[in-house]
Every structure is written in C-alpha cells, then in structure tokens.
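Quick notes on the structure that follows.
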Amino acid sequence: MLTRRHDARRLARAAISALALAVSVVWALQPTMAQQAAEAAPRAVPAARQADRVAVITIRGPINAVTASSVQRRLTIAQADGAQAVVFDIDTPGGEVTAVLEITAAIKASPIVNTVAWINPQAYSGGAIIALACREIVVAESSSFGDALPLAIGLTGAEAATTGELRKKVVPPVLADVVDSARLRGWDEFLVQAIVIDGVELWLIEQRDESTGVVRQLAINEAEFRLLFPDEQPPRGAPMVIAADVTSVPAPLSDAPPAAPEDDTAFRPASPGLDSLSPALSGETSADSAQDLDMLATASTRPVLTEADRGRWELVGYLTNGSGPIVMKSREMRELGFSSAVIRSDEELRAFFGATDLVRLDRSWSEAAVRFLSQFWVRGLLIVVFLLAVFLEMTSPGLFLPGIVAAVALVLLMAPAWMLGLAGWWEVLAIVGGILLILIEIFVVPGFGVFGILGLLALFAGLVGSFVSPGGGIFPTSAQAQSELVRGLITVVLAMVTSGAGIGVMIKYFRRLPVLSNLVLDASKVDADDSEDPRELFEAIDDGDALAVLVGSRAVAHSRLMPSGRVEIEGELHDAICSIGFIEQGEAVEVVGVEGWQLVVDRLQGGREQETT
C-alpha cells in the first residue's frame with residue numbers, strides 16, 4: 001500500500017513538472033508564434049493600391065534616349081497585357097534631361113494610375129525625378145534619393161546649373177516637372193524643389209488634428225517662418241537633411257530682412273505658391289522661365305499661410321540649409337512622407353500590392369546592344385575603325401576587306417543613332433558625299449584643293465551630326481542640344497586625331513608589318529619578267545645614311561605609289577613613299593628626302609618617262 005502511494009506521488013510530481021515545463025515553453029514561444037501568425041495573416045492593402053497583376057519595369061544605369069524608348073515600350077506592353085499596377089525598379093545615377101522628362105511624361109499619361117517607384121537602392125538626379133512622377137515611392141533597406149540639380153556638359157567639363165543663363169535654360173523645365181508631380185501626387189512642393197535646385201533653405205513644421213490624430217507636415221521658407229513665429233529667430237545648425245554639396249552653412253540671421261542675392265539673373269518661379277520659396281529665387285524671371293513654370297498640369301494644393309495660422313503649427317526643426325540640392329536616405333524619406341514602405345524582395349513587393357501575378361519586364365537584348373553602341377567611347381572607337389578602313393580601301397583598291405569593315409563600322413555607328421532619333425539621312429549622305437569628294441581630289445583632281453577640303457568638312461559634319469537630335473537643328477540653341485553637340489565634337493575630334501596617328505604609323509611602317517605589306521598594290525609583282533627572280537625585288541633594306549646621298553636624284557616610279565611603292569634609280573630599285581597624293585607607274589619623280597628605310601619622292605613636272613626593259 002505504501003509503495004502504491006509513493007508511486008502515485010511520484011507520478012503526480014512528474015505530471016506537475018511536465019505541465020510547468022509546457023507552460024514555460026508556450027510562454028517563451030508566445031512572441032514567436034504571434035509574429036508567425038501576423039506574418040501568415042494577409043496584409044491589409046489599401047483599395048487604391050491593391051492589384052492582382054503587377055508589372056515591374058527596371059531602370060538601371062545612366063538614363064539616355066535608349067532608356068526612355070525602352071521604358072515607354074515596356075509600359076505599353078504592361079498596359080496591353082492588363083497590368084493593374086506598374087513598379088519602376090530604379091537604380092540609376094541619373095542621365096539626360098530630355099530622356100528623363102520623356103519617361104515622367106509617359107508615367108503621368110499612362111492609363112495605369114497605380115504606379116510605384118521602388119528605389120533599389122539609389123535614385124539620384126533623373127532617377128529622383130522619375131520616382132516623384134509615380135503615385136507612391138517605396139525604398140530598399142538602404143536607399144539614396146535626391147540631388148537632381150541639372151548639369152550641362154561643355155568643353156571645360158560638367159557645369160552645374162546654379163547661376164546665370166545656364167540656370168534659366170536648364171532648370172525651369174525640370175523644376176516645372178517636379179512641382180507638377182508634387183501637386184499631382186501630394187509631395188511637399190517646396191521640398192521637391194530643394195531636390196532640384198540649390199539655395200532652398202527650409203524649416204519643417206507640423207500640425208496635429210486632435211479629432212483624428214493625423215499629423216500634417218509642411219516645409220516652409222524663412223518668410224513663412226517669420227510670419228508664423230514672429231517672436232523667434234529661425235534656428236540654424238545641423239540640418240535634418242544634408243545637401244549634396246555643402247559648401248557653407250549660413251550664419252545666424254539678424255532681425256534685418258535678408259539681403260538680395262548677388263546673382264540677380266536667378267529666376268523666381270511664377271506659378272502660384274512658388275514665388276516666395278527662397279531668397280536664392282528672388283530675382284527676376286525671364287519670360288521663358290515663367291512660361292515653362294506656368295504650364296503645370298495641376299493647381300497648387302499648398303496652404304497659403306497667414307497670421308491666422310499662428311499658434312496652429314509647431315516647429316519640428318531646421319530642414320535644409322540650401323547649400324546644395326538635398327539627398328535623403330531611407331529614414332529621411334519615411335520621416336518626410338516620401339516612402340510608403342521598405343521593400344526587400346519581389347515577394348514583399350507582391351504582398352505590398354496583394355498581387356497574385358508579378359512579372360518583370362526587363363530591357364531586350366537589342367536595347368542592351370543599342371545602349372552599348374550608343375556610348376561615346378564605343379562610337380569614338382567605331383569612327384576610328386571606319387576612318388582607318390576607308391584609308392586602307394583607298395590605298396588598296398580591289399581588296400574589298402577594308403571596304404567591308406568600313407561599311408560595317410558605319411552601320412554600327414549610325415544604326416543606334418537612327419533608332420534613338422539622333423540622326424537622319426543627311427548625316428549618312430554627308431559622310432558618303434565627303435568620302436566621294438576626297439576620292440575625286442585624289443584620283444581625278446590631284447593636289448589638295450577645293451574637293452578635298454569640302455570632303456573633309458562634309459565628313460566631319462556628318463559624323464558630328466549623328467550625335468545631335470534632329471530637333472536641335474544644325475545650330476542648336478537648347479541646353480540639351482548644345483550638350484550633345486559638344487560631346488559629338490569632342491568625340492569626333494579625338495577619333496580623327498587617333499585615326500590620323502594610326503594612318504601615320506601605317507604609312508611609316510607599312511612594309512614592316514607582314515599583313516599590311518600585302519595591301520600595297522605593287523606593280524613590280526605583276527609586271528616582273530618571268531625569268532627574273534622575284535626575291536630580287538625585296539633585297540636588304542638600304543642603310544639610312546646611304547640613302548641620304550640619293551636626295552635630289554631623279555627616278556622613275558617602277559610601281560604605283562599609293563602612297564608606298566618602288567622607284568628605279570639608275571637601274572636599282574628602292575622602296576619609296578610619295579610626299580603627297582598618289583603617283584602612277586612610269587611617272588618621273590624626284591627624291592626629296594629620306595624617311596627611315598625608304599625614300600621620299602615627289603612628282604616631277606614634265607610627265608612620264610619611258611620605261612626601259
């Protein structure tokens with residue numbers, strides 16, 4: 001009986017211990033289980049965002065005309081295939097202003113209104129402008145966004161549009177686009193302008209609706225700060241958002257009104273709600289700038305602050321010092337209302353929309369090829385190959401291979417320009433016409449004259465013209481066209497200099513290169529007597545000092561000099577090169593110098609001499 005009671009007690013104690021252990025395990029796992037349950041539960045998706053079919057359009061690398069064309073093509077496909085939302089997966093340092101504005105226009109005009117920009121991981125310059133055109137913005141874990149100050153590329157390099165005529169030409173279209181995006185999508189109008197231009201000093205204020213608990217934030221300039229807080233000095237110090245190029249921090253401001261900016265050529269936005277943005281924008285605006293900014297698609301929803309608003313707003317802090325366009329990280333974007341969520345993967349993106357289908361639309365292989373061929377260093381290399389191949393074809397007619405290489409190089413050079421709308425038929429006609437004029441100068445009218453000069457000018461104009469959009473005209477005035485023209489001029493000039501150096505090397509060392517030596521049309525190989533040993537035509541090269549004594553001698557072209565060949569002096573054959581143009585077989589020549597191992601000859605006035613056998 002005692003044994004049974006003892007066993008019962010042991011079983012009871014064991015049961016109690018097991019129960020306590022189970023309770024402790026459940027208690028320990030309670031947060032994990034709750035988290036898993038929360039993750040398993042479907043995320044509540046706002047009705048305006050929810051989409052079953054989502055198309056993802058990637059924007060990678062520098063933005064140019066290829067990017068704009070590709071994005072518009074893929075956006076059309078998404079629309080045709082019934083996509084209910086479009087995500088622009090952005091990772092770019094920016095690019096050409098014209099291409100960026102084409103993309104933003106396509107996004108705003110698309111019937112798919114549910115558009116989201118996924119900054120993954122950076123959207124600088126044009127990438128930021130494209131992101132602002134979307135209805136929502138989401139970010140990767142660590143993202144960067146901003147610094148959209150337009151740049152113009154000139155002969156001295158890239159120049160920021162911060163002052164003067166450059167600012168008037170380049171900034172207004174970009175500024176008008178981002179302000180229009182802000183009004184359309186609900187971004188802060190002043191804050192988006194601080195992304196595009198410098199000199200925008202802002203403070204952040206907020207207002208809480210007691211009935212709903214909703215907090216509204218607003219970026220204000222100095223004039224509005226003094227209006228709302230007349231008894232306080234605008235605080236300065238470390239700003240909440242750092243400018244891209246912080247050159248200086250403004251000194252504490254006195255009670256006196258701010259002085260007028262030194263650069264009185266800066267413009268002031270003329271649209272409602274923008275005319276008091278910043279002291280840096282307080283100068284007079286040009287008619288063109290005002291027109292660009294007045295062509296906004298939507299009206300401003302920004303509140304007009306008055307004395308009645310005093311006490312209704314609280315100061316959050318010093319937002320930006322205006323020393324440059326601002327750059328925001330993921331945290332700043334969330335705090336300032338630009339980012340809706342942090343998205344790390346396609347699965348999280350699918351859950352963000354509550355989507356059943358998510359399809360990526362990447363650029364095609366042909367677009368990737370055009371993008372590669374449209375790079376300036378590639379186009380410059382193709383110009384070098386084209387010019388060298390044309391030279392070889394001219395000096396070695398009948399070989400065909402150099403001509404084929406030149407034709408292929410020309411097609412690869414011009415085809416991307418046609419596809420991007422950067423070239424028309426006149427550029428090709430100018431290039432072909434220039435080559436024909438040069439051929440006429442060489443073979444029909446020897447001597448460097450009118451045809452040669454016109455041919456070089458036409459060739460140069462055609463090559464440069466392939467870099468400039470047709471809308472810019474021959475003498476473009478827009479900043480974009482001028483930038484294209486400058487880059488085209490630099491590329492073509494460098495390519496021609498490189499080609500000239502290559503031609504010089506080929507002329508000097510033609511026969512020392514086994515492959516190139518076979519490209520010289522040497523009549524002696526064809527007309528030599530059958531009994532003559534051909535090896536006698538390639539005797540040891542004369543020493544330079546020995547050749548010097550032949551300067552001033554008269555000779556006969558034993559073969560055609562194009563420009564290299566052989567001349568006969570008192571029955572002996574010598575390698576020679578003509579100083580200018582080509583010399584036909586049998587023409588009388590005079591030795592005018594020695595270059596390395598060969599004679600330099602010039603045509604004698606007086607015609608041909610009879611060859612002796």
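By convention in this document, the chains of the structure tokens carry letters A, B, ... by their order, each chain's residues are numbered from 1, and ligands are numbered from 1 in the order they are shown.
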Excluding same-chain residues fewer than 5 positions from range 596-603 of chain A, what lies within 6 Å of it counting only C-alpha atoms, as a PDB file with C-alpha atoms, in the first residue's frame?
ATOM      1  CA  GLY A 544      69.588  55.437 -93.990  1.00  0.00           C
ATOM      2  CA  ASP A 575      61.393  51.458-101.560  1.00  0.00           C
ATOM      3  CA  ALA A 576      59.779  54.877-101.629  1.00  0.00           C
ATOM      4  CA  ILE A 577      56.798  56.855-100.428  1.00  0.00           C
ATOM      5  CA  CYS A 578      55.305  59.876-102.158  1.00  0.00           C
ATOM      6  CA  SER A 579      55.138  63.059-100.110  1.00  0.00           C
ATOM      7  CA  VAL A 589      59.853  61.680-109.705  1.00  0.00           C
ATOM      8  CA  GLU A 590      62.488  63.418-107.651  1.00  0.00           C
ATOM      9  CA  VAL A 591      63.904  62.223-104.335  1.00  0.00           C
TER      10      VAL A 591
END
Test item, strand (DSSP E or B) assignment across range 345-378 of chain A, answer as a PDB file with N, CA and C atoms, in the first residue's frame:
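Writing the result to result-v8.pdb gives the following:
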ATOM      1  N   ASP A 357      -0.085  37.862 -59.429  1.00  0.00           N
ATOM      2  CA  ASP A 357       0.904  37.750 -60.508  1.00  0.00           C
ATOM      3  C   ASP A 357       1.817  38.968 -60.485  1.00  0.00           C
ATOM      4  N   LEU A 358       3.114  38.719 -60.511  1.00  0.00           N
ATOM      5  CA  LEU A 358       4.112  39.791 -60.599  1.00  0.00           C
ATOM      6  C   LEU A 358       5.138  39.388 -61.657  1.00  0.00           C
ATOM      7  N   VAL A 359       5.248  40.192 -62.696  1.00  0.00           N
ATOM      8  CA  VAL A 359       6.109  39.874 -63.836  1.00  0.00           C
ATOM      9  C   VAL A 359       7.093  41.015 -64.052  1.00  0.00           C
ATOM     10  N   ARG A 360       8.353  40.655 -64.258  1.00  0.00           N
ATOM     11  CA  ARG A 360       9.386  41.652 -64.546  1.00  0.00           C
ATOM     12  C   ARG A 360       9.518  41.851 -66.055  1.00  0.00           C
ATOM     13  N   LEU A 361       9.571  43.107 -66.460  1.00  0.00           N
ATOM     14  CA  LEU A 361       9.779  43.464 -67.864  1.00  0.00           C
ATOM     15  C   LEU A 361      11.141  44.141 -67.970  1.00  0.00           C
TER      16      LEU A 361
END
Which residue of A:Leu429, A:Val505, A:Leu410, A:Ala368 approaches Phe386 in chain A most closely, using only C-alpha atoms: A:Leu410
